[in-house]
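A.B. asks: The structure follows.
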Amino acid sequence: MIIKRFFILFLFLSVECFAENFSQTVLPGYILPTNKQGIADRNYNLLNETRYKVFEKELNFGIQKYNFFWRDAEDKVFSSREPLKCPVGYSLFPQSKKVKQLLGTKKYHCYKDIFVNKWEKRFKKNTKHHIQQALVLWTAPNMYVDSGCEGFYFKLQKRHLISGCYPMPEYYDDYEDWIRFTAYRFGKYIDHYIVWNEIDSTNWADTSTIKYSKEAMKKDLKFHMNRSFNIYTTILKKTIKIIDDIDKKCMGFNEECKNFIYVSLTRDWYSRVPKAHQNKKTGAIHIRWRNMNLLDHIWRELGLNYNWSIAVHPYGDVYEKSTNSLRFSTLDELSNYQKTQIDFHKSKKRSWLSYPQSRLFASEQNTGHKIEAENWKRKAKYICESYDVAQRMPEIIAITHNHFQDNIHHKNPKPTKHTMLPSSVKTDLSDAYRYETFQAYQSTALHRWGKKNEHYCCKQYKLGCAVEK
């Protein structure tokens, strides 16, 4: 935890620089990003120093979000209660019975060396440049997933995915060990963990493993919905407990170094009625929750007894009106719901903002799905407006839009809808200034936003202009 300790001291010694942006630092033991503006980049392996200096100095990113797939680490060898002989290119975890006993792992596993080494390099690079890291923990190895989990056809990528399928209950021990490995091996670099992806979605949180007749579905739908919900809360509780247990005491402070651990939600909000549909051929049921309904359950199950926050995906233009889902400009409705729940559950006389349940991480969003891929001006406006909303909401910890730049190795050089820069931009970003989106990112750097007028968001939309003292 040495890096985290240093970072806390860095924040405390930099009060004058960051006080305006982080007046909400009333969460004891938690470490907030230096800037709410963050990055979700498709190009994980671009670690050249020039690019990262732009991230840190020019764009001033405070956090980087990654998809952290379990299946990429453990894919060939089944776990065992006894020590394993791992094939070439894999290493045993835990390394010995002594380590197994110390960490409380349930089994032995063979994890890929290339996976561990690549992530170690990425985490070290971000930490060097004072960029926090958030991991989306999901996608179980196929060997631990029920073969009856149907998945879905993802139109955007034109392929069938089973990424959202949960591990079977008999492999929960393996999931726990994966979280122990992640927190033990990489925890010194990580401050944010998102548990699974869009759990209110039938696609990304897939529980389509029980088959019913049409008549039985109507009869047992409530049972299946409760089962669907219990699968996630079981995994969520296990994750929170393991990560919190592995956290160490911070040097110099009488409080713990805590991590933010998030429930991942889509933008769906304005109904408490979940939806279900049945595959007529197989009888499998697919549940799509509504966020309010799901959060009602989570509050009953976890309350304030667990360390959890919310990662939300408010896709669509910032001020776009919608009757059934959240946008960036209406995140206060989600926040107000959390405040009401905190006030109801809390017993101490302290601010609702001092509870992790008050905090939101806008971890995935962009303009609407119908936007033209190369409408850079509209995307730039989105960057400006969303950051402006975040600055006015102390509840919002950070923003990471999908995506900073298209994959430079993509076969199709044309930009996709959900990207802020095309793949044609040089890896050192020396020509990125030609795009309005990059200029908007420049505006959200702490040394510009609210301090200068000569930047894109101020000149175009009168946002983030210098505040008269």
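Residue numbering restarts at 1 for every chain of the structure tokens, chains are lettered A, B, ... in their displayed order, and ligands are numbered from 1 as they appear.
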Might you pull out every residue within 8 Å of stretch 180-193 of chain A, with only C-alpha atoms counted and same-chain residues fewer than 4 positions away left off, and present them as a ChimeraX atom specification?
C.D. replies: /A:1-4,31,93,103,105,120,123-124,127,132-137,176,242-243,246-247,258-262
A.B. asks: Need the shell around A:Val77: protein/DNA/RNA residues with any atom at most 8 Å away, counting only C-alpha atoms. Skip same-chain ones fewer than 3 positions apart. Format as a ChimeraX atom specification?
C.D. replies: /A:74,86,109-110
A.B. asks: Give the answer as one residue: which of A:Arg51, A:Lys36, A:Lys237, A:His297 has the shortest atom-to-atom distance to A:Asp431, using only C-alpha atoms?
C.D. replies: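 Checking each candidate against A:Asp431, we get A:Arg51 as the closest.
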A.B. asks: Could you tell me how far atom CA of A:Tyr30 lies from atom CA of A:Leu304, in Å and to one decimal?
C.D. replies: 16.1 Å
A.B. asks: Suppose you want the space between atom CA of A:Phe68 and atom CA of A:Asp244; what is it in Å?
C.D. replies: 18.7 Å
A.B. asks: Mind the document's chain letters and residue numbers, and return as number ranges by chain the residues of stretch 96-275 of chain A that DSSP labels helix (DSSP H, G or I).
C.D. replies: A: 97-103, 113-128, 142-144, 169-186, 214-246
A.B. asks: Figure out the distance between atom CA of A:Trp308 and atom CA of A:Gln357, please, to one decimal in Å.
C.D. replies: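 Computing the Euclidean distance for atom CA of A:Gln357 and atom CA of A:Trp308 yields 5.6 Å.
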A.B. asks: Considering only C-alpha atoms, can you say which of A:Leu27, A:Asp174, A:Lys241, A:Lys97 comes closest to A:Arg359?
C.D. replies: A:Leu27
A.B. asks: I'd like the neighbourhood of A:Leu236 as a PyMOL selection string, where a residue qualifies if any of its atoms comes within 12 Å (using only C-alpha atoms), though same-chain residues fewer than 4 positions away should be ignored.
C.D. replies: chain A and resi 137-138+166+172+175-176+179+193-197+199+229-232+240-243+261-264+298+301-302+306-309
A.B. asks: Let me make sure I understand: among A:Ser147, A:Gly29, A:Trp269, A:Trp376, which one has the smallest atom-to-atom distance to A:Ser354 if we use only C-alpha atoms?
C.D. replies: A:Gly29
A.B. asks: Name all residues at most 10 Å from A:Lys76 (count only C-alpha atoms; drop same-chain ones fewer than 4 positions away) and give them as a PyMOL selection string.
C.D. replies: chain A and resi 71+86-87+90+110-112+141-143
A.B. asks: Please produce a file of the residues just selected, as a PDB file, in the first residue's frame, where the atoms kept are N, CA and C atoms.
C.D. replies:
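And here is the file that came out, result10.pdb:
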ATOM      1  N   ARG A  71     -11.604 -14.475 -17.622  1.00  0.00           N
ATOM      2  CA  ARG A  71     -11.313 -15.546 -18.583  1.00  0.00           C
ATOM      3  C   ARG A  71      -9.958 -15.366 -19.270  1.00  0.00           C
ATOM      4  N   CYS A  86       1.493 -26.446 -13.358  1.00  0.00           N
ATOM      5  CA  CYS A  86       0.992 -25.568 -14.419  1.00  0.00           C
ATOM      6  C   CYS A  86       1.804 -25.733 -15.697  1.00  0.00           C
ATOM      7  N   PRO A  87       1.156 -25.623 -16.856  1.00  0.00           N
ATOM      8  CA  PRO A  87       1.887 -25.705 -18.125  1.00  0.00           C
ATOM      9  C   PRO A  87       2.781 -24.488 -18.334  1.00  0.00           C
ATOM     10  N   TYR A  90       2.215 -20.406 -17.617  1.00  0.00           N
ATOM     11  CA  TYR A  90       1.269 -20.220 -16.516  1.00  0.00           C
ATOM     12  C   TYR A  90       2.001 -20.356 -15.193  1.00  0.00           C
ATOM     13  N   CYS A 110      -3.938 -21.992 -12.089  1.00  0.00           N
ATOM     14  CA  CYS A 110      -2.879 -21.658 -13.042  1.00  0.00           C
ATOM     15  C   CYS A 110      -3.302 -20.401 -13.799  1.00  0.00           C
ATOM     16  N   TYR A 111      -2.616 -19.296 -13.523  1.00  0.00           N
ATOM     17  CA  TYR A 111      -2.932 -18.031 -14.190  1.00  0.00           C
ATOM     18  C   TYR A 111      -1.857 -17.704 -15.226  1.00  0.00           C
ATOM     19  N   LYS A 112      -2.282 -17.107 -16.326  1.00  0.00           N
ATOM     20  CA  LYS A 112      -1.379 -16.794 -17.438  1.00  0.00           C
ATOM     21  C   LYS A 112      -0.317 -15.774 -17.050  1.00  0.00           C
ATOM     22  N   PRO A 141     -14.375 -17.523 -17.001  1.00  0.00           N
ATOM     23  CA  PRO A 141     -13.870 -18.504 -17.972  1.00  0.00           C
ATOM     24  C   PRO A 141     -14.997 -19.438 -18.419  1.00  0.00           C
ATOM     25  N   ASN A 142     -14.988 -19.822 -19.673  1.00  0.00           N
ATOM     26  CA  ASN A 142     -16.048 -20.673 -20.204  1.00  0.00           C
ATOM     27  C   ASN A 142     -16.211 -21.970 -19.419  1.00  0.00           C
ATOM     28  N   MET A 143     -15.107 -22.490 -18.885  1.00  0.00           N
ATOM     29  CA  MET A 143     -15.174 -23.768 -18.170  1.00  0.00           C
ATOM     30  C   MET A 143     -15.908 -23.652 -16.836  1.00  0.00           C
TER      31      MET A 143
END
A.B. asks: Mind dumping a table of every stretch 332-418 of chain A residue within 12 Å of stretch 40-47 of chain A, with the nearest atom pair and its distance in Å to one decimal, using only C-alpha atoms, sorted by chain and rising number, as CSV?
C.D. replies:
residue,atom,partner,partner_atom,distance
A:Ala362,CA,A:Ala40,CA,11.4
A:Ser363,CA,A:Ala40,CA,8.4
A:Glu364,CA,A:Ala40,CA,8.2
A:Gln365,CA,A:Ala40,CA,10.2
A:Asn366,CA,A:Ala40,CA,11.3
A:Ala398,CA,A:Ala40,CA,11.6
A:Ile399,CA,A:Ala40,CA,9.2
A:Thr400,CA,A:Ala40,CA,5.5
A:His401,CA,A:Ala40,CA,6.2
A:Asn402,CA,A:Ala40,CA,6.0
A:His403,CA,A:Ala40,CA,5.4
A:Phe404,CA,A:Asp41,CA,4.9
A:Gln405,CA,A:Asp41,CA,5.8
A:Asp406,CA,A:Arg42,CA,6.0
A:Asn407,CA,A:Arg42,CA,5.3
A:Ile408,CA,A:Asn43,CA,7.0
A:His409,CA,A:Asn43,CA,8.7
A:His410,CA,A:Arg42,CA,10.1
A:Thr416,CA,A:Arg42,CA,11.7
A:His418,CA,A:Arg42,CA,10.8
A.B. asks: Determine, counting only C-alpha atoms, which protein, DNA and RNA residues have an atom within 8 Å of an atom of A:His129; residues of the same chain fewer than 6 positions away are not included. Present the result as a PyMOL selection string.
C.D. replies: chain A and resi 52-53+56
A.B. asks: Find the spatial neighbours of A:Leu334, counting only C-alpha atoms, within a cut-off of 12 Å - ignore same-chain residues fewer than 3 positions away - and output them as a PDB file with N, CA and C atoms, in the first residue's frame.
C.D. replies:
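The resulting file, result-v5.pdb, is shown below:
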ATOM      1  N   LEU A 265     -24.652  -0.112 -13.411  1.00  0.00           N
ATOM      2  CA  LEU A 265     -26.021   0.041 -13.897  1.00  0.00           C
ATOM      3  C   LEU A 265     -26.070   0.726 -15.266  1.00  0.00           C
ATOM      4  N   THR A 266     -27.093   0.392 -16.047  1.00  0.00           N
ATOM      5  CA  THR A 266     -27.365   1.117 -17.280  1.00  0.00           C
ATOM      6  C   THR A 266     -28.075   2.421 -16.922  1.00  0.00           C
ATOM      7  N   ARG A 267     -28.595   3.097 -17.929  1.00  0.00           N
ATOM      8  CA  ARG A 267     -29.279   4.367 -17.703  1.00  0.00           C
ATOM      9  C   ARG A 267     -30.761   4.175 -17.381  1.00  0.00           C
ATOM     10  N   ASP A 268     -31.306   2.942 -17.537  1.00  0.00           N
ATOM     11  CA  ASP A 268     -32.738   2.708 -17.310  1.00  0.00           C
ATOM     12  C   ASP A 268     -33.102   3.047 -15.863  1.00  0.00           C
ATOM     13  N   TRP A 269     -34.203   3.796 -15.690  1.00  0.00           N
ATOM     14  CA  TRP A 269     -34.471   4.277 -14.347  1.00  0.00           C
ATOM     15  C   TRP A 269     -35.943   4.398 -13.980  1.00  0.00           C
ATOM     16  N   TYR A 270     -36.761   4.972 -14.820  1.00  0.00           N
ATOM     17  CA  TYR A 270     -38.053   5.487 -14.390  1.00  0.00           C
ATOM     18  C   TYR A 270     -39.166   4.451 -14.221  1.00  0.00           C
ATOM     19  N   ASN A 291     -33.428  -0.125 -12.859  1.00  0.00           N
ATOM     20  CA  ASN A 291     -32.469   0.258 -11.827  1.00  0.00           C
ATOM     21  C   ASN A 291     -33.107   0.533 -10.470  1.00  0.00           C
ATOM     22  N   MET A 292     -34.225   1.226 -10.481  1.00  0.00           N
ATOM     23  CA  MET A 292     -34.861   1.562  -9.213  1.00  0.00           C
ATOM     24  C   MET A 292     -35.301   0.293  -8.491  1.00  0.00           C
ATOM     25  N   LEU A 295     -32.097  -1.467  -7.221  1.00  0.00           N
ATOM     26  CA  LEU A 295     -31.518  -0.792  -6.066  1.00  0.00           C
ATOM     27  C   LEU A 295     -32.383  -0.950  -4.819  1.00  0.00           C
ATOM     28  N   SER A 309     -20.787   1.620  -3.918  1.00  0.00           N
ATOM     29  CA  SER A 309     -21.182   2.856  -4.603  1.00  0.00           C
ATOM     30  C   SER A 309     -21.813   2.445  -5.938  1.00  0.00           C
ATOM     31  N   ILE A 310     -22.087   3.424  -6.804  1.00  0.00           N
ATOM     32  CA  ILE A 310     -22.758   3.124  -8.075  1.00  0.00           C
ATOM     33  C   ILE A 310     -21.934   3.617  -9.260  1.00  0.00           C
ATOM     34  N   ALA A 311     -21.730   2.722 -10.239  1.00  0.00           N
ATOM     35  CA  ALA A 311     -21.178   3.098 -11.542  1.00  0.00           C
ATOM     36  C   ALA A 311     -22.338   3.076 -12.531  1.00  0.00           C
ATOM     37  N   VAL A 312     -22.593   4.198 -13.173  1.00  0.00           N
ATOM     38  CA  VAL A 312     -23.769   4.326 -14.044  1.00  0.00           C
ATOM     39  C   VAL A 312     -23.352   4.728 -15.449  1.00  0.00           C
ATOM     40  N   HIS A 313     -24.166   4.349 -16.453  1.00  0.00           N
ATOM     41  CA  HIS A 313     -23.844   4.586 -17.860  1.00  0.00           C
ATOM     42  C   HIS A 313     -24.923   5.447 -18.521  1.00  0.00           C
ATOM     43  N   PRO A 314     -24.869   6.761 -18.343  1.00  0.00           N
ATOM     44  CA  PRO A 314     -25.918   7.640 -18.888  1.00  0.00           C
ATOM     45  C   PRO A 314     -25.708   8.019 -20.350  1.00  0.00           C
ATOM     46  N   SER A 325     -35.279   6.882 -19.124  1.00  0.00           N
ATOM     47  CA  SER A 325     -33.892   6.622 -18.729  1.00  0.00           C
ATOM     48  C   SER A 325     -33.149   7.904 -18.364  1.00  0.00           C
ATOM     49  N   LEU A 326     -32.066   7.718 -17.631  1.00  0.00           N
ATOM     50  CA  LEU A 326     -31.265   8.840 -17.150  1.00  0.00           C
ATOM     51  C   LEU A 326     -30.362   9.386 -18.240  1.00  0.00           C
ATOM     52  N   ARG A 327     -30.092  10.672 -18.154  1.00  0.00           N
ATOM     53  CA  ARG A 327     -29.037  11.310 -18.932  1.00  0.00           C
ATOM     54  C   ARG A 327     -28.093  11.971 -17.921  1.00  0.00           C
ATOM     55  N   PHE A 328     -26.996  12.506 -18.395  1.00  0.00           N
ATOM     56  CA  PHE A 328     -26.052  13.128 -17.471  1.00  0.00           C
ATOM     57  C   PHE A 328     -26.722  14.236 -16.661  1.00  0.00           C
ATOM     58  N   SER A 329     -27.572  15.011 -17.310  1.00  0.00           N
ATOM     59  CA  SER A 329     -28.223  16.140 -16.651  1.00  0.00           C
ATOM     60  C   SER A 329     -29.269  15.708 -15.624  1.00  0.00           C
ATOM     61  N   THR A 330     -29.665  14.416 -15.630  1.00  0.00           N
ATOM     62  CA  THR A 330     -30.672  13.952 -14.665  1.00  0.00           C
ATOM     63  C   THR A 330     -30.094  12.947 -13.665  1.00  0.00           C
ATOM     64  N   LEU A 331     -28.776  12.882 -13.574  1.00  0.00           N
ATOM     65  CA  LEU A 331     -28.164  11.993 -12.595  1.00  0.00           C
ATOM     66  C   LEU A 331     -28.509  12.388 -11.160  1.00  0.00           C
ATOM     67  N   TYR A 337     -32.250   9.609  -4.953  1.00  0.00           N
ATOM     68  CA  TYR A 337     -32.729   8.305  -4.477  1.00  0.00           C
ATOM     69  C   TYR A 337     -31.752   7.749  -3.429  1.00  0.00           C
ATOM     70  N   GLN A 338     -30.443   7.800  -3.742  1.00  0.00           N
ATOM     71  CA  GLN A 338     -29.436   7.294  -2.806  1.00  0.00           C
ATOM     72  C   GLN A 338     -29.455   8.093  -1.501  1.00  0.00           C
ATOM     73  N   LYS A 339     -29.611   9.396  -1.603  1.00  0.00           N
ATOM     74  CA  LYS A 339     -29.658  10.244  -0.399  1.00  0.00           C
ATOM     75  C   LYS A 339     -30.829   9.856   0.498  1.00  0.00           C
ATOM     76  N   THR A 340     -31.984   9.619  -0.122  1.00  0.00           N
ATOM     77  CA  THR A 340     -33.165   9.220   0.656  1.00  0.00           C
ATOM     78  C   THR A 340     -32.923   7.904   1.377  1.00  0.00           C
ATOM     79  N   GLN A 341     -32.300   6.969   0.694  1.00  0.00           N
ATOM     80  CA  GLN A 341     -32.012   5.668   1.300  1.00  0.00           C
ATOM     81  C   GLN A 341     -30.982   5.791   2.426  1.00  0.00           C
ATOM     82  N   GLN A 357     -22.052   5.053  -0.392  1.00  0.00           N
ATOM     83  CA  GLN A 357     -23.266   4.868  -1.195  1.00  0.00           C
ATOM     84  C   GLN A 357     -23.731   6.169  -1.859  1.00  0.00           C
ATOM     85  N   SER A 358     -23.188   7.288  -1.437  1.00  0.00           N
ATOM     86  CA  SER A 358     -23.566   8.584  -2.025  1.00  0.00           C
ATOM     87  C   SER A 358     -22.855   8.859  -3.340  1.00  0.00           C
ATOM     88  N   ARG A 359     -21.814   8.083  -3.651  1.00  0.00           N
ATOM     89  CA  ARG A 359     -20.936   8.440  -4.758  1.00  0.00           C
ATOM     90  C   ARG A 359     -21.285   7.723  -6.063  1.00  0.00           C
ATOM     91  N   LEU A 360     -21.187   8.471  -7.160  1.00  0.00           N
ATOM     92  CA  LEU A 360     -21.468   7.972  -8.493  1.00  0.00           C
ATOM     93  C   LEU A 360     -20.214   8.063  -9.360  1.00  0.00           C
ATOM     94  N   PHE A 361     -20.008   7.052 -10.164  1.00  0.00           N
ATOM     95  CA  PHE A 361     -18.927   7.042 -11.151  1.00  0.00           C
ATOM     96  C   PHE A 361     -19.589   6.862 -12.514  1.00  0.00           C
ATOM     97  N   ALA A 362     -19.588   7.921 -13.338  1.00  0.00           N
ATOM     98  CA  ALA A 362     -20.129   7.830 -14.696  1.00  0.00           C
ATOM     99  C   ALA A 362     -19.073   7.135 -15.549  1.00  0.00           C
ATOM    100  N   MET A 393     -21.748  18.600  -9.230  1.00  0.00           N
ATOM    101  CA  MET A 393     -22.280  17.522  -8.397  1.00  0.00           C
ATOM    102  C   MET A 393     -21.154  16.857  -7.614  1.00  0.00           C
ATOM    103  N   GLU A 395     -21.283  14.517  -5.722  1.00  0.00           N
ATOM    104  CA  GLU A 395     -21.499  13.076  -5.655  1.00  0.00           C
ATOM    105  C   GLU A 395     -20.736  12.323  -6.743  1.00  0.00           C
ATOM    106  N   ILE A 396     -20.504  12.989  -7.878  1.00  0.00           N
ATOM    107  CA  ILE A 396     -19.827  12.322  -8.993  1.00  0.00           C
ATOM    108  C   ILE A 396     -18.325  12.306  -8.750  1.00  0.00           C
TER     109      ILE A 396
END
A.B. asks: I want to know what sits within 12 Å of A:Val145, based on only C-alpha atoms, with residues of the same chain fewer than 2 positions away left out; could you give that as a VMD selection string?
C.D. replies: chain A and resid 70 to 71 75 139 to 143 147 to 151 162 to 172 174 to 175 206 to 209
A.B. asks: Write the residues you've just listed into a file as a PDB file, in the first residue's frame, and include N, CA and C atoms for each of them.
C.D. replies:
ATOM      1  N   TRP A  70     -11.767 -12.034 -16.252  1.00  0.00           N
ATOM      2  CA  TRP A  70     -11.289 -13.230 -15.546  1.00  0.00           C
ATOM      3  C   TRP A  70     -10.841 -14.300 -16.543  1.00  0.00           C
ATOM      4  N   ARG A  71     -11.604 -14.475 -17.622  1.00  0.00           N
ATOM      5  CA  ARG A  71     -11.313 -15.546 -18.583  1.00  0.00           C
ATOM      6  C   ARG A  71      -9.958 -15.366 -19.270  1.00  0.00           C
ATOM      7  N   ASP A  75      -7.776 -20.006 -18.300  1.00  0.00           N
ATOM      8  CA  ASP A  75      -8.541 -20.489 -19.449  1.00  0.00           C
ATOM      9  C   ASP A  75      -8.300 -21.931 -19.848  1.00  0.00           C
ATOM     10  N   THR A 139     -16.705 -11.396 -16.710  1.00  0.00           N
ATOM     11  CA  THR A 139     -16.460 -12.366 -17.776  1.00  0.00           C
ATOM     12  C   THR A 139     -15.707 -13.591 -17.258  1.00  0.00           C
ATOM     13  N   ALA A 140     -16.485 -14.559 -16.796  1.00  0.00           N
ATOM     14  CA  ALA A 140     -15.933 -15.793 -16.243  1.00  0.00           C
ATOM     15  C   ALA A 140     -15.369 -16.693 -17.333  1.00  0.00           C
ATOM     16  N   PRO A 141     -14.375 -17.523 -17.001  1.00  0.00           N
ATOM     17  CA  PRO A 141     -13.870 -18.504 -17.972  1.00  0.00           C
ATOM     18  C   PRO A 141     -14.997 -19.438 -18.419  1.00  0.00           C
ATOM     19  N   ASN A 142     -14.988 -19.822 -19.673  1.00  0.00           N
ATOM     20  CA  ASN A 142     -16.048 -20.673 -20.204  1.00  0.00           C
ATOM     21  C   ASN A 142     -16.211 -21.970 -19.419  1.00  0.00           C
ATOM     22  N   MET A 143     -15.107 -22.490 -18.885  1.00  0.00           N
ATOM     23  CA  MET A 143     -15.174 -23.768 -18.170  1.00  0.00           C
ATOM     24  C   MET A 143     -15.908 -23.652 -16.836  1.00  0.00           C
ATOM     25  N   SER A 147     -23.218 -24.262 -19.512  1.00  0.00           N
ATOM     26  CA  SER A 147     -23.320 -24.344 -20.972  1.00  0.00           C
ATOM     27  C   SER A 147     -24.697 -23.917 -21.466  1.00  0.00           C
ATOM     28  N   GLY A 148     -25.664 -23.852 -20.550  1.00  0.00           N
ATOM     29  CA  GLY A 148     -27.004 -23.416 -20.926  1.00  0.00           C
ATOM     30  C   GLY A 148     -27.181 -21.916 -20.952  1.00  0.00           C
ATOM     31  N   CYS A 149     -26.167 -21.169 -20.539  1.00  0.00           N
ATOM     32  CA  CYS A 149     -26.258 -19.706 -20.579  1.00  0.00           C
ATOM     33  C   CYS A 149     -26.186 -19.266 -22.039  1.00  0.00           C
ATOM     34  N   GLU A 150     -27.209 -18.581 -22.495  1.00  0.00           N
ATOM     35  CA  GLU A 150     -27.382 -18.369 -23.929  1.00  0.00           C
ATOM     36  C   GLU A 150     -26.607 -17.203 -24.521  1.00  0.00           C
ATOM     37  N   GLY A 151     -26.322 -16.185 -23.706  1.00  0.00           N
ATOM     38  CA  GLY A 151     -25.660 -15.023 -24.272  1.00  0.00           C
ATOM     39  C   GLY A 151     -26.586 -14.263 -25.223  1.00  0.00           C
ATOM     40  N   ILE A 162     -21.038 -14.327 -24.821  1.00  0.00           N
ATOM     41  CA  ILE A 162     -21.500 -14.874 -23.544  1.00  0.00           C
ATOM     42  C   ILE A 162     -20.722 -14.228 -22.398  1.00  0.00           C
ATOM     43  N   SER A 163     -20.226 -13.021 -22.637  1.00  0.00           N
ATOM     44  CA  SER A 163     -19.395 -12.317 -21.657  1.00  0.00           C
ATOM     45  C   SER A 163     -20.129 -12.077 -20.339  1.00  0.00           C
ATOM     46  N   GLY A 164     -21.458 -11.932 -20.392  1.00  0.00           N
ATOM     47  CA  GLY A 164     -22.212 -11.598 -19.191  1.00  0.00           C
ATOM     48  C   GLY A 164     -22.618 -12.786 -18.352  1.00  0.00           C
ATOM     49  N   CYS A 165     -22.326 -14.013 -18.802  1.00  0.00           N
ATOM     50  CA  CYS A 165     -22.744 -15.210 -18.074  1.00  0.00           C
ATOM     51  C   CYS A 165     -21.965 -15.340 -16.758  1.00  0.00           C
ATOM     52  N   TYR A 166     -22.700 -15.498 -15.669  1.00  0.00           N
ATOM     53  CA  TYR A 166     -22.072 -15.646 -14.353  1.00  0.00           C
ATOM     54  C   TYR A 166     -21.459 -17.037 -14.193  1.00  0.00           C
ATOM     55  N   PRO A 167     -20.487 -17.181 -13.283  1.00  0.00           N
ATOM     56  CA  PRO A 167     -20.001 -18.533 -12.983  1.00  0.00           C
ATOM     57  C   PRO A 167     -21.085 -19.337 -12.272  1.00  0.00           C
ATOM     58  N   MET A 168     -21.046 -20.643 -12.432  1.00  0.00           N
ATOM     59  CA  MET A 168     -21.995 -21.496 -11.735  1.00  0.00           C
ATOM     60  C   MET A 168     -21.696 -21.481 -10.235  1.00  0.00           C
ATOM     61  N   PRO A 169     -22.703 -21.677  -9.388  1.00  0.00           N
ATOM     62  CA  PRO A 169     -22.491 -21.638  -7.934  1.00  0.00           C
ATOM     63  C   PRO A 169     -21.373 -22.555  -7.444  1.00  0.00           C
ATOM     64  N   GLU A 170     -21.213 -23.714  -8.089  1.00  0.00           N
ATOM     65  CA  GLU A 170     -20.152 -24.629  -7.659  1.00  0.00           C
ATOM     66  C   GLU A 170     -18.751 -24.082  -7.926  1.00  0.00           C
ATOM     67  N   TYR A 171     -18.678 -22.967  -8.683  1.00  0.00           N
ATOM     68  CA  TYR A 171     -17.384 -22.337  -8.956  1.00  0.00           C
ATOM     69  C   TYR A 171     -17.262 -20.960  -8.300  1.00  0.00           C
ATOM     70  N   TYR A 172     -18.100 -20.686  -7.335  1.00  0.00           N
ATOM     71  CA  TYR A 172     -17.969 -19.424  -6.594  1.00  0.00           C
ATOM     72  C   TYR A 172     -16.638 -19.348  -5.856  1.00  0.00           C
ATOM     73  N   ASP A 174     -13.889 -20.403  -6.953  1.00  0.00           N
ATOM     74  CA  ASP A 174     -12.915 -19.973  -7.962  1.00  0.00           C
ATOM     75  C   ASP A 174     -13.017 -18.474  -8.207  1.00  0.00           C
ATOM     76  N   TYR A 175     -14.255 -17.952  -8.191  1.00  0.00           N
ATOM     77  CA  TYR A 175     -14.436 -16.503  -8.329  1.00  0.00           C
ATOM     78  C   TYR A 175     -13.793 -15.777  -7.148  1.00  0.00           C
ATOM     79  N   ASP A 206     -26.144 -12.137 -17.416  1.00  0.00           N
ATOM     80  CA  ASP A 206     -26.995 -13.167 -18.022  1.00  0.00           C
ATOM     81  C   ASP A 206     -27.225 -14.338 -17.067  1.00  0.00           C
ATOM     82  N   THR A 207     -28.498 -14.547 -16.711  1.00  0.00           N
ATOM     83  CA  THR A 207     -28.848 -15.683 -15.842  1.00  0.00           C
ATOM     84  C   THR A 207     -29.797 -16.634 -16.567  1.00  0.00           C
ATOM     85  N   SER A 208     -29.643 -16.754 -17.866  1.00  0.00           N
ATOM     86  CA  SER A 208     -30.563 -17.556 -18.688  1.00  0.00           C
ATOM     87  C   SER A 208     -30.212 -19.039 -18.655  1.00  0.00           C
ATOM     88  N   THR A 209     -30.079 -19.602 -17.462  1.00  0.00           N
ATOM     89  CA  THR A 209     -29.632 -20.990 -17.344  1.00  0.00           C
ATOM     90  C   THR A 209     -30.738 -21.952 -16.938  1.00  0.00           C
TER      91      THR A 209
END
A.B. asks: Please return, as a list of chain:residue names, all residues of stretch 53-91 of chain A that DSSP assigns to strand (DSSP E) on the basis of the backbone.
C.D. replies: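 So, restricting stretch 53-91 of chain A to strand (DSSP E), we get A:Ile63, A:Gln64, A:Lys65, A:Tyr66, A:Asn67, A:Phe68, A:Phe69, A:Tyr90, A:Ser91.
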A.B. asks: Using C-alpha atoms, can you export the residues from the last selection as a short mmCIF file (atom, residue, chain, number, x, y, z; two decimals), in the first residue's frame?
C.D. replies:
data_model
loop_
_atom_site.label_atom_id
_atom_site.label_comp_id
_atom_site.auth_asym_id
_atom_site.auth_seq_id
_atom_site.Cartn_x
_atom_site.Cartn_y
_atom_site.Cartn_z
CA ILE A 63 -8.51 7.96 -13.68
CA GLN A 64 -8.36 5.21 -16.31
CA LYS A 65 -11.00 2.45 -16.54
CA TYR A 66 -10.31 -1.06 -17.84
CA ASN A 67 -12.31 -4.18 -18.58
CA PHE A 68 -10.58 -6.82 -16.45
CA PHE A 69 -11.66 -10.20 -17.80
CA TYR A 90 1.27 -20.22 -16.52
CA SER A 91 2.11 -19.76 -12.84
#
A.B. asks: Name the closest residue to A:Tyr144 among the candidates A:Arg434, A:Phe78, A:Glu49, A:Pro394; distances are taken between atoms, counting only C-alpha atoms.
C.D. replies: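 For A:Tyr144, the nearest of the candidates is A:Phe78.
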